[in-house]
file run24.txt (compact mmCIF, C-alpha atoms and all ligand atoms)
# COMPACT_ATOMS: atom_id res chain seq x y z
CA MET E 1 0.00 0.00 0.00
CA ASP E 2 1.39 3.38 -1.03
CA GLY E 3 0.59 6.02 1.55
CA SER E 4 3.18 8.57 0.51
CA ASN E 5 2.47 11.85 2.33
CA THR E 6 -0.67 10.49 3.98
CA GLU E 7 -0.29 10.06 7.75
CA VAL E 8 -1.94 6.99 9.25
CA LEU E 9 -3.09 8.07 12.72
CA SER E 10 -3.77 5.65 15.55
CA ALA E 11 -7.06 5.33 17.42
CA ASP E 12 -5.90 7.08 20.59
CA ALA E 13 -5.86 10.56 22.12
CA ALA E 14 -2.77 11.60 20.16
CA GLY E 15 -4.27 10.40 16.86
CA ILE E 16 -7.55 12.21 17.53
CA ALA E 17 -5.75 15.43 18.50
CA ARG E 18 -3.61 15.31 15.35
CA ALA E 19 -6.63 14.61 13.12
CA ALA E 20 -8.57 17.47 14.72
CA ALA E 21 -5.67 19.90 14.32
CA LEU E 22 -5.29 18.96 10.66
CA LEU E 23 -9.03 19.39 9.99
CA ARG E 24 -9.06 22.78 11.73
CA ALA E 25 -6.15 23.83 9.51
CA GLY E 26 -8.15 23.00 6.36
CA ALA E 27 -6.60 19.58 5.65
CA LEU E 28 -8.42 16.47 4.38
CA VAL E 29 -8.61 13.66 6.96
CA SER E 30 -10.37 10.35 6.44
CA PHE E 31 -12.05 8.94 9.53
CA PRO E 32 -14.12 5.87 10.34
CA THR E 33 -17.86 5.99 10.89
CA GLU E 34 -20.09 3.00 11.64
CA THR E 35 -21.06 2.90 7.93
CA VAL E 36 -17.94 3.56 5.82
CA TYR E 37 -14.79 5.71 6.04
CA GLY E 38 -15.55 9.36 5.33
CA LEU E 39 -13.29 11.87 3.58
CA GLY E 40 -13.57 14.74 6.04
CA ALA E 41 -13.05 18.48 5.66
CA ASP E 42 -14.12 21.50 7.73
CA ALA E 43 -17.60 22.27 6.34
CA THR E 44 -17.12 25.98 7.09
CA ASN E 45 -13.93 26.21 4.99
CA ASP E 46 -14.61 26.75 1.26
CA THR E 47 -11.14 25.70 0.12
CA ALA E 48 -11.10 22.57 2.27
CA VAL E 49 -14.49 21.50 0.87
CA ALA E 50 -13.34 22.23 -2.69
CA ARG E 51 -10.38 19.93 -2.08
CA ILE E 52 -12.77 17.03 -1.28
CA PHE E 53 -14.07 17.19 -4.85
CA GLU E 54 -10.54 17.48 -6.19
CA ALA E 55 -9.28 14.47 -4.18
CA LYS E 56 -12.25 12.31 -5.21
CA GLY E 57 -12.06 13.42 -8.84
CA ARG E 58 -15.81 14.11 -8.77
CA PRO E 59 -16.97 15.54 -12.07
CA ARG E 60 -19.74 17.51 -10.39
CA PHE E 61 -20.52 19.26 -7.12
CA ASN E 62 -23.16 17.01 -5.60
CA PRO E 63 -24.08 18.01 -2.07
CA LEU E 64 -22.21 16.37 0.84
CA ILE E 65 -23.28 14.97 4.21
CA VAL E 66 -22.26 17.06 7.23
CA HIS E 67 -21.28 15.17 10.39
CA LEU E 68 -21.89 16.46 13.92
CA PRO E 69 -21.38 14.94 17.38
CA ASP E 70 -24.98 15.35 18.60
CA ALA E 71 -28.40 16.80 17.77
CA ALA E 72 -27.67 20.03 19.67
CA ARG E 73 -24.78 20.77 17.28
CA VAL E 74 -27.02 19.85 14.34
CA ARG E 75 -29.43 22.58 15.49
CA ASP E 76 -26.61 25.15 15.21
CA ILE E 77 -26.63 24.71 11.42
CA ALA E 78 -30.04 23.25 10.49
CA VAL E 79 -33.72 23.40 11.42
CA LEU E 80 -34.55 20.10 13.18
CA GLU E 81 -38.23 19.82 14.12
CA GLY E 82 -41.40 17.74 13.59
CA ASP E 83 -40.92 14.31 11.98
CA ALA E 84 -37.20 14.98 11.53
CA ALA E 85 -36.76 15.63 15.26
CA ARG E 86 -38.65 12.40 16.06
CA LEU E 87 -36.34 10.39 13.79
CA ALA E 88 -33.28 12.09 15.28
CA ASP E 89 -34.43 11.19 18.80
CA ALA E 90 -35.04 7.59 17.80
CA PHE E 91 -32.02 6.84 15.62
CA TRP E 92 -29.12 9.21 16.40
CA PRO E 93 -26.36 8.41 16.80
CA GLY E 94 -26.72 5.99 13.89
CA PRO E 95 -26.71 5.40 10.13
CA LEU E 96 -29.47 7.90 9.33
CA THR E 97 -28.96 11.13 7.37
CA LEU E 98 -31.65 13.83 7.42
CA VAL E 99 -31.97 16.52 4.75
CA LEU E 100 -33.01 19.69 6.60
CA PRO E 101 -33.37 23.42 5.91
CA ILE E 102 -30.13 25.31 6.55
CA ARG E 103 -30.42 27.59 9.58
CA PRO E 104 -30.17 31.19 8.35
CA GLY E 105 -26.70 32.53 9.04
CA ALA E 106 -25.11 29.09 9.53
CA ALA E 107 -21.41 29.32 8.71
CA LEU E 108 -21.51 26.52 6.12
CA SER E 109 -19.60 26.65 2.85
CA PRO E 110 -22.20 26.79 0.06
CA LEU E 111 -20.19 24.09 -1.73
CA VAL E 112 -21.33 21.61 0.96
CA SER E 113 -24.95 21.92 -0.15
CA ALA E 114 -24.13 22.67 -3.80
CA GLY E 115 -25.95 25.98 -3.39
CA LEU E 116 -29.20 24.35 -2.15
CA SER E 117 -31.12 25.74 0.84
CA THR E 118 -31.04 22.33 2.55
CA VAL E 119 -28.19 20.40 4.15
CA ALA E 120 -27.79 16.66 4.76
CA VAL E 121 -26.73 16.00 8.37
CA ARG E 122 -25.95 13.00 10.48
CA VAL E 123 -24.61 11.98 13.90
CA PRO E 124 -22.40 8.90 13.46
CA ASP E 125 -22.45 6.04 15.97
CA GLN E 126 -18.71 5.46 16.19
CA PRO E 127 -16.69 6.43 19.29
CA LEU E 128 -13.64 7.66 17.36
CA ALA E 129 -15.79 9.72 15.00
CA HIS E 130 -17.64 11.18 17.99
CA ALA E 131 -14.40 12.07 19.78
CA LEU E 132 -13.00 13.62 16.61
CA LEU E 133 -16.13 15.73 15.98
CA ILE E 134 -16.03 16.98 19.58
CA ALA E 135 -12.32 17.81 19.29
CA VAL E 136 -12.67 19.65 15.95
CA ASP E 137 -15.70 21.61 17.14
CA HIS E 138 -16.65 22.43 13.54
CA PRO E 139 -19.17 20.63 11.31
CA ILE E 140 -17.33 18.12 9.11
CA ALA E 141 -18.38 17.45 5.52
CA ALA E 142 -17.58 13.86 4.53
CA PRO E 143 -18.51 11.81 1.51
CA SER E 144 -17.28 8.22 1.40
CA ALA E 145 -13.47 8.21 1.12
CA ASN E 146 -13.19 6.62 -2.32
CA PRO E 147 -12.32 8.09 -5.70
CA SER E 148 -15.41 8.88 -7.76
CA GLY E 149 -16.91 5.72 -9.26
CA ARG E 150 -15.05 3.28 -6.95
CA ILE E 151 -16.46 1.31 -4.03
CA SER E 152 -16.69 2.79 -0.55
CA PRO E 153 -13.88 1.98 1.91
CA THR E 154 -14.58 0.07 5.11
CA GLU E 155 -10.98 -0.13 6.35
CA ALA E 156 -8.19 2.44 6.64
CA ALA E 157 -6.06 0.39 4.22
CA HIS E 158 -8.73 0.82 1.51
CA VAL E 159 -8.48 4.58 1.96
CA VAL E 160 -4.69 4.62 1.80
CA ALA E 161 -4.71 2.41 -1.29
CA ALA E 162 -7.21 4.64 -3.10
CA LEU E 163 -6.38 8.15 -1.88
CA GLY E 164 -2.87 7.84 -0.40
CA GLY E 165 -0.80 10.90 -1.30
CA ARG E 166 -3.94 12.94 -2.08
CA ILE E 167 -5.13 13.51 1.51
CA GLU E 168 -3.25 14.54 4.63
CA ALA E 169 -4.23 11.72 6.99
CA VAL E 170 -6.38 8.70 7.81
CA LEU E 171 -7.54 7.98 11.35
CA ASP E 172 -7.38 4.19 11.62
CA GLY E 173 -10.34 2.84 13.56
CA GLY E 174 -10.37 -0.67 12.13
CA ALA E 175 -13.23 -2.09 10.10
CA CYS E 176 -16.62 -0.31 9.87
CA ALA E 177 -19.45 -2.20 11.59
CA VAL E 178 -22.29 -1.43 9.15
CA GLY E 179 -20.37 -1.41 5.87
CA VAL E 180 -22.96 0.41 3.74
CA GLU E 181 -23.74 4.11 3.66
CA SER E 182 -26.37 5.78 5.82
CA THR E 183 -30.06 5.84 4.90
CA ILE E 184 -31.05 9.33 3.68
CA VAL E 185 -34.49 10.82 4.41
CA GLY E 186 -35.80 14.15 3.14
CA PHE E 187 -38.96 16.01 4.22
CA ASP E 188 -39.89 18.09 1.19
CA PRO E 189 -42.84 18.03 1.51
CA VAL E 190 -43.34 14.59 3.16
CA PRO E 191 -40.85 12.10 4.67
CA THR E 192 -39.16 10.54 1.63
CA LEU E 193 -36.53 7.82 1.29
CA LEU E 194 -33.78 9.46 -0.77
CA ARG E 195 -31.23 6.64 -0.41
CA PRO E 196 -31.65 3.21 1.19
CA GLY E 197 -28.79 2.43 3.55
CA GLY E 198 -27.68 1.10 6.90
CA LEU E 199 -30.94 1.87 8.75
CA PRO E 200 -33.87 -0.15 7.36
CA ALA E 201 -36.75 1.88 5.92
CA GLU E 202 -39.16 -0.30 7.95
CA ALA E 203 -37.65 0.96 11.21
CA ILE E 204 -38.13 4.55 10.05
CA GLU E 205 -41.73 3.87 9.02
CA ALA E 206 -42.47 2.21 12.37
CA CYS E 207 -41.18 5.32 14.17
CA LEU E 208 -43.19 7.71 11.99
CA GLY E 209 -46.28 5.50 11.99
CA ALA E 210 -46.51 6.10 8.24
CA LYS E 211 -45.02 4.89 4.98
CA LEU E 212 -42.06 6.77 3.54
CA ALA E 213 -42.57 8.30 0.12
CA MET E 214 -40.17 6.87 -2.47
CA LEU E 215 -38.34 8.71 -5.21
CA ALA E 216 -39.83 8.22 -8.65
CA PRO E 217 -38.05 5.54 -10.71
CA GLY E 218 -34.99 6.99 -12.38
CA ASP E 219 -34.56 9.69 -9.74
CA THR E 220 -31.40 9.44 -7.73
CA VAL E 221 -30.45 10.97 -4.46
CA SER E 222 -28.16 13.35 -6.28
CA ALA E 223 -31.11 14.57 -8.32
CA PRO E 224 -31.14 18.04 -6.75
CA GLY E 225 -27.61 18.62 -7.97
CA GLN E 226 -28.47 17.35 -11.41
CA LEU E 227 -31.49 19.52 -12.18
CA GLN E 228 -30.63 21.58 -15.22
CA SER E 229 -31.06 25.01 -13.70
CA HIS E 230 -31.22 24.09 -10.02
CA TYR E 231 -29.04 26.91 -8.86
CA ALA E 232 -29.01 29.74 -11.30
CA PRO E 233 -28.78 33.50 -10.84
CA ARG E 234 -31.75 35.41 -12.27
CA ALA E 235 -29.47 37.05 -14.82
CA GLY E 236 -28.45 35.16 -17.96
CA LEU E 237 -24.99 33.58 -18.07
CA ARG E 238 -22.78 33.50 -21.17
CA LEU E 239 -19.98 30.94 -20.85
CA ASN E 240 -16.49 30.85 -22.40
CA ALA E 241 -16.60 34.60 -22.89
CA THR E 242 -13.38 35.96 -24.32
CA ASP E 243 -14.81 39.46 -24.73
CA LEU E 244 -17.23 41.60 -22.75
CA ARG E 245 -20.42 42.80 -24.46
CA PRO E 246 -22.11 46.10 -23.54
CA GLY E 247 -23.96 45.88 -20.20
CA GLU E 248 -22.38 42.57 -19.14
CA ARG E 249 -20.54 41.91 -15.91
CA LEU E 250 -17.55 39.56 -16.05
CA LEU E 251 -17.13 36.58 -13.74
CA GLY E 252 -13.43 36.15 -14.44
CA PHE E 253 -10.92 33.36 -14.20
CA GLY E 254 -7.21 34.04 -14.53
CA PRO E 255 -5.50 37.40 -15.05
CA VAL E 256 -8.42 39.43 -16.45
CA GLU E 257 -10.15 42.65 -15.40
CA ALA E 258 -13.44 41.37 -13.94
CA THR E 259 -16.41 42.35 -11.77
CA LEU E 260 -15.57 39.31 -9.62
CA ASN E 261 -12.77 36.84 -10.25
CA LEU E 262 -12.99 33.13 -9.35
CA SER E 263 -9.19 32.95 -9.20
CA PRO E 264 -6.94 35.66 -10.62
CA SER E 265 -4.02 33.21 -10.58
CA GLY E 266 -6.01 30.51 -12.41
CA ASP E 267 -6.13 28.08 -9.44
CA LEU E 268 -9.06 25.67 -9.86
CA VAL E 269 -9.36 24.85 -6.13
CA GLU E 270 -9.63 28.57 -5.35
CA ALA E 271 -12.16 28.96 -8.17
CA ALA E 272 -14.33 26.12 -6.83
CA ALA E 273 -14.18 27.61 -3.34
CA ASN E 274 -15.39 30.97 -4.69
CA LEU E 275 -17.96 29.70 -7.20
CA PHE E 276 -21.23 29.80 -5.21
CA HIS E 277 -20.19 32.89 -3.23
CA HIS E 278 -19.57 34.82 -6.45
CA LEU E 279 -22.78 33.58 -8.14
CA HIS E 280 -24.81 34.65 -5.08
CA ARG E 281 -23.06 38.05 -5.02
CA LEU E 282 -23.72 38.68 -8.69
CA ASP E 283 -27.33 37.53 -8.25
CA SER E 284 -27.89 39.88 -5.31
CA GLU E 285 -26.64 42.78 -7.42
CA GLY E 286 -29.48 42.44 -9.92
CA ASP E 287 -30.58 41.05 -13.24
CA VAL E 288 -27.59 42.16 -15.34
CA PRO E 289 -26.15 39.62 -17.82
CA ILE E 290 -23.04 37.77 -16.67
CA ALA E 291 -20.21 36.73 -18.95
CA VAL E 292 -17.91 33.99 -17.62
CA SER E 293 -14.27 33.56 -18.62
CA PRO E 294 -13.25 30.19 -20.14
CA ILE E 295 -12.35 27.64 -17.46
CA PRO E 296 -10.18 24.65 -18.37
CA GLU E 297 -12.03 21.31 -18.55
CA THR E 298 -9.50 19.54 -16.28
CA GLY E 299 -9.56 18.52 -12.60
CA LEU E 300 -12.02 20.67 -10.65
CA GLY E 301 -12.61 22.67 -13.83
CA ARG E 302 -14.95 19.89 -14.98
CA ALA E 303 -17.18 20.27 -11.91
CA ILE E 304 -17.07 24.07 -12.16
CA ASN E 305 -18.07 23.97 -15.84
CA ASP E 306 -20.81 21.40 -15.09
CA ARG E 307 -22.31 23.76 -12.53
CA LEU E 308 -21.96 26.82 -14.77
CA ARG E 309 -23.61 25.00 -17.70
CA ARG E 310 -26.58 24.17 -15.44
CA ALA E 311 -26.76 27.79 -14.29
CA ALA E 312 -26.69 28.94 -17.92
CA ALA E 313 -29.33 26.44 -19.10
CA PRO E 314 -32.74 27.78 -20.20
CA ARG E 315 -35.20 28.04 -17.28
CA GLU E 316 -38.55 26.33 -17.02
O1 LIG Y 401 -22.73 6.66 5.48
C1 LIG Y 401 -22.63 7.76 4.95
O2 LIG Y 401 -23.60 8.50 4.79
C2 LIG Y 401 -21.23 8.20 4.50
C3 LIG Y 401 -20.36 8.31 5.74
C4 LIG Y 401 -18.98 8.83 5.43
O3 LIG Y 401 -20.99 9.15 6.69
N1 LIG Y 401 -21.28 9.46 3.80
C5 LIG Y 401 -21.81 9.57 2.56
O4 LIG Y 401 -21.75 10.86 2.10
O5 LIG Y 401 -22.27 8.66 1.92
P1 LIG Y 401 -21.94 11.32 0.60
O6 LIG Y 401 -21.53 12.76 0.59
O7 LIG Y 401 -21.22 10.40 -0.34
O8 LIG Y 401 -23.47 11.19 0.35
C6 LIG Y 401 -24.13 12.31 -0.06
C7 LIG Y 401 -25.46 11.95 -0.57
C8 LIG Y 401 -25.48 12.28 -2.03
O9 LIG Y 401 -26.03 11.24 -2.78
C9 LIG Y 401 -26.30 13.56 -2.08
O10 LIG Y 401 -26.96 13.73 -3.26
C10 LIG Y 401 -27.22 13.44 -0.86
O11 LIG Y 401 -26.44 12.75 0.09
N2 LIG Y 401 -27.47 14.79 -0.36
C11 LIG Y 401 -26.63 15.59 0.29
N3 LIG Y 401 -27.17 16.78 0.53
C12 LIG Y 401 -28.41 16.73 0.02
C13 LIG Y 401 -29.48 17.67 -0.06
N4 LIG Y 401 -29.36 18.90 0.43
N5 LIG Y 401 -30.61 17.27 -0.67
C14 LIG Y 401 -30.74 16.02 -1.18
N6 LIG Y 401 -29.76 15.09 -1.14
C15 LIG Y 401 -28.62 15.45 -0.55
MG MG Y 402 -20.05 7.56 -1.93
call {"tool": "encode", "arguments": {"input": "run24.txt", "output": "structure tokens"}}
result
Amino acid sequence: MDGSNTEVLSADAAGIARAAALLRAGALVSFPTETVYGLGADATNDTAVARIFEAKGRPRFNPLIVHLPDAARVRDIAVLEGDAARLADAFWPGPLTLVLPIRPGAALSPLVSAGLSTVAVRVPDQPLAHALLIAVDHPIAAPSANPSGRISPTEAAHVVAALGGRIEAVLDGGACAVGVESTIVGFDPVPTLLRPGGLPAEAIEACLGAKLAMLAPGDTVSAPGQLQSHYAPRAGLRLNATDLRPGERLLGFGPVEATLNLSPSGDLVEAAANLFHHLHRLDSEGDVPIAVSPIPETGLGRAINDRLRRAAAPRE
């Protein structure tokens, strides 16, 4: 196994402290949960979250699950009430993820929710994960710690083999007990199974005293991120703009004179970190057409262009 540059941290106080310090400094640290190993980053740090997508080689910004040590911390960032609160009481900590409205003013990177107004949250049932989340004292975004399109890791060695050299550390907590990802439930407008997983749907239905709605065939849990114009500013977007037409504002990339620049130095991680912030800023400044500089179709540039194409697509 080739772990060059990736620290393997032991499941003790020193390992937890090191993992927490790295996460607080914006590093990527894989950690065990009861389901699978997560690829963790500080969910309040735009650059750290952008690096998750870079490390996984994800071609698009689908929203990520945010991990917290308990329901009280969940309430700092999300609105947890009604059916969602009942499920949280019954099944947290455990392999259940709830998609909830973001609490206004929560210090979450918009990349975590791919610009949506909801956030997926969960409280893992794994002592090391719990200790780490307490020590970091920030919400931690964590998809499964595998490269895009590969199977999810259930041991630290899987993580090192797949992502060694691309992430700062792995906290080694042995094998994961559940071995499949968490069950995801949304509430818009009724309790809906968005992804089957480690907590059986029957248990959730027994707690609610009602059947869960199911996604329509063909829908996937990442559907919100795949809607053509799911996050789009009101103003029209013109992509690959090499000139500026009268009345347009420029969302720049690289060394150009621009209204806002995703990365003057042409750094794709910086551009991803700025993407939703800049789109929201331009949107808040009114319905004035936006031209966007060309962005290379490599690395994170693919996910950035995917998102920009959706934002530029014709609206319903
Ligand atoms: O077991 C798990 O859940 C693992 C461990 C590491 O905790 N994590 C995991 O995370 O599977 P991730 O990021 O790979 O799963 C994210 C899923 C995606 O399919 C995404 O579309 C859905 O959750 N999701 C996230 N935020 C959402 C939102 N706001 N609305 C709808 N779906 C959302
Ligand atoms: Mg995954």
call {"tool": "residues_near_ligand", "arguments": {"input": "run24.txt", "ligand": "ligand LIG 401 (chain Y)", "cutoff": "8 Å", "atoms": "all atoms listed in the file", "output": "PDB file with C-alpha atoms, in the coordinates of the input"}}
result
ATOM      1  CA  PRO E  32     -14.120   5.870  10.340  1.00  0.00           C
ATOM      2  CA  THR E  33     -17.860   5.990  10.890  1.00  0.00           C
ATOM      3  CA  GLU E  34     -20.090   3.000  11.640  1.00  0.00           C
ATOM      4  CA  THR E  35     -21.060   2.900   7.930  1.00  0.00           C
ATOM      5  CA  VAL E  36     -17.940   3.560   5.820  1.00  0.00           C
ATOM      6  CA  TYR E  37     -14.790   5.710   6.040  1.00  0.00           C
ATOM      7  CA  GLY E  38     -15.550   9.360   5.330  1.00  0.00           C
ATOM      8  CA  LEU E  39     -13.290  11.870   3.580  1.00  0.00           C
ATOM      9  CA  ASN E  62     -23.160  17.010  -5.600  1.00  0.00           C
ATOM     10  CA  PRO E  63     -24.080  18.010  -2.070  1.00  0.00           C
ATOM     11  CA  LEU E  64     -22.210  16.370   0.840  1.00  0.00           C
ATOM     12  CA  ILE E  65     -23.280  14.970   4.210  1.00  0.00           C
ATOM     13  CA  VAL E  66     -22.260  17.060   7.230  1.00  0.00           C
ATOM     14  CA  HIS E  67     -21.280  15.170  10.390  1.00  0.00           C
ATOM     15  CA  PRO E  95     -26.710   5.400  10.130  1.00  0.00           C
ATOM     16  CA  LEU E  96     -29.470   7.900   9.330  1.00  0.00           C
ATOM     17  CA  THR E  97     -28.960  11.130   7.370  1.00  0.00           C
ATOM     18  CA  VAL E  99     -31.970  16.520   4.750  1.00  0.00           C
ATOM     19  CA  LEU E 100     -33.010  19.690   6.600  1.00  0.00           C
ATOM     20  CA  VAL E 112     -21.330  21.610   0.960  1.00  0.00           C
ATOM     21  CA  SER E 113     -24.950  21.920  -0.150  1.00  0.00           C
ATOM     22  CA  ALA E 114     -24.130  22.670  -3.800  1.00  0.00           C
ATOM     23  CA  LEU E 116     -29.200  24.350  -2.150  1.00  0.00           C
ATOM     24  CA  SER E 117     -31.120  25.740   0.840  1.00  0.00           C
ATOM     25  CA  THR E 118     -31.040  22.330   2.550  1.00  0.00           C
ATOM     26  CA  VAL E 119     -28.190  20.400   4.150  1.00  0.00           C
ATOM     27  CA  ALA E 120     -27.790  16.660   4.760  1.00  0.00           C
ATOM     28  CA  VAL E 121     -26.730  16.000   8.370  1.00  0.00           C
ATOM     29  CA  ARG E 122     -25.950  13.000  10.480  1.00  0.00           C
ATOM     30  CA  PRO E 124     -22.400   8.900  13.460  1.00  0.00           C
ATOM     31  CA  ALA E 141     -18.380  17.450   5.520  1.00  0.00           C
ATOM     32  CA  ALA E 142     -17.580  13.860   4.530  1.00  0.00           C
ATOM     33  CA  PRO E 143     -18.510  11.810   1.510  1.00  0.00           C
ATOM     34  CA  SER E 144     -17.280   8.220   1.400  1.00  0.00           C
ATOM     35  CA  ALA E 145     -13.470   8.210   1.120  1.00  0.00           C
ATOM     36  CA  VAL E 180     -22.960   0.410   3.740  1.00  0.00           C
ATOM     37  CA  GLU E 181     -23.740   4.110   3.660  1.00  0.00           C
ATOM     38  CA  SER E 182     -26.370   5.780   5.820  1.00  0.00           C
ATOM     39  CA  THR E 183     -30.060   5.840   4.900  1.00  0.00           C
ATOM     40  CA  ILE E 184     -31.050   9.330   3.680  1.00  0.00           C
ATOM     41  CA  GLY E 186     -35.800  14.150   3.140  1.00  0.00           C
ATOM     42  CA  LEU E 194     -33.780   9.460  -0.770  1.00  0.00           C
ATOM     43  CA  ARG E 195     -31.230   6.640  -0.410  1.00  0.00           C
ATOM     44  CA  GLY E 197     -28.790   2.430   3.550  1.00  0.00           C
ATOM     45  CA  GLY E 198     -27.680   1.100   6.900  1.00  0.00           C
ATOM     46  CA  THR E 220     -31.400   9.440  -7.730  1.00  0.00           C
ATOM     47  CA  VAL E 221     -30.450  10.970  -4.460  1.00  0.00           C
ATOM     48  CA  SER E 222     -28.160  13.350  -6.280  1.00  0.00           C
ATOM     49  CA  ALA E 223     -31.110  14.570  -8.320  1.00  0.00           C
ATOM     50  CA  PRO E 224     -31.140  18.040  -6.750  1.00  0.00           C
ATOM     51  CA  GLY E 225     -27.610  18.620  -7.970  1.00  0.00           C
TER      52      GLY E 225
END
call {"tool": "closest_residue", "arguments": {"input": "run24.txt", "among": "E:Asp42, E:Ile204, E:Ser109, E:Val136", "to": "Asp89 in chain E", "atoms": "only C-alpha atoms"}}
result
E:Ile204
call {"tool": "atom_distance", "arguments": {"input": "run24.txt", "atom1": "CA of Ala11 in chain E", "atom2": "CA of Val170 in chain E"}}
result
10.2 Å
call {"tool": "atom_distance", "arguments": {"input": "run24.txt", "atom1": "CA of Ala20 in chain E", "atom2": "CA of Leu111 in chain E"}}
result
21.2 Å
call {"tool": "residues_near_point", "arguments": {"input": "run24.txt", "point": "(-8.3, 7.4, 9.5)", "cutoff": "6 Å", "atoms": "all atoms listed in the file", "output": "list in words"}}
result
Ser30, Phe31, Ala156, Val170, Leu171 and Asp172 of chain E
call {"tool": "atom_distance", "arguments": {"input": "run24.txt", "atom1": "CA of Leu260 in chain E", "atom2": "CA of Arg58 in chain E"}}
result
25.2 Å
call {"tool": "residues_around", "arguments": {"input": "run24.txt", "residues": "Gly286 in chain E", "least_positions_apart": "4", "cutoff": "12 Å", "atoms": "all atoms listed in the file", "output": "VMD selection string"}}
result
chain E and resid 233 to 236 248 to 249 279 to 282 290
call {"tool": "residues_around", "arguments": {"input": "run24.txt", "residues": "Gly266 in chain E", "least_positions_apart": "5", "cutoff": "10 Å", "atoms": "all atoms listed in the file", "output": "list of chain:residue names"}}
result
E:Gly252, E:Phe253, E:Gly254, E:Pro255, E:Asn261, E:Ala271, E:Ile295, E:Pro296
call {"tool": "residues_around", "arguments": {"input": "run24.txt", "residues": "Ile52 in chain E", "least_positions_apart": "5", "cutoff": "8 Å", "atoms": "all atoms listed in the file", "output": "PDB file with C-alpha atoms, keeping the file's coordinate frame"}}
result
ATOM      1  CA  LEU E  28      -8.420  16.470   4.380  1.00  0.00           C
ATOM      2  CA  LEU E  39     -13.290  11.870   3.580  1.00  0.00           C
ATOM      3  CA  GLY E  40     -13.570  14.740   6.040  1.00  0.00           C
ATOM      4  CA  ALA E  41     -13.050  18.480   5.660  1.00  0.00           C
TER       5      ALA E  41
END
call {"tool": "closest_residue", "arguments": {"input": "run24.txt", "among": "E:Ala27, E:Leu250, E:Ile151, E:Leu108", "to": "ligand MG 402 (chain Y)", "atoms": "only C-alpha atoms and all ligand atoms"}}
result
E:Ile151
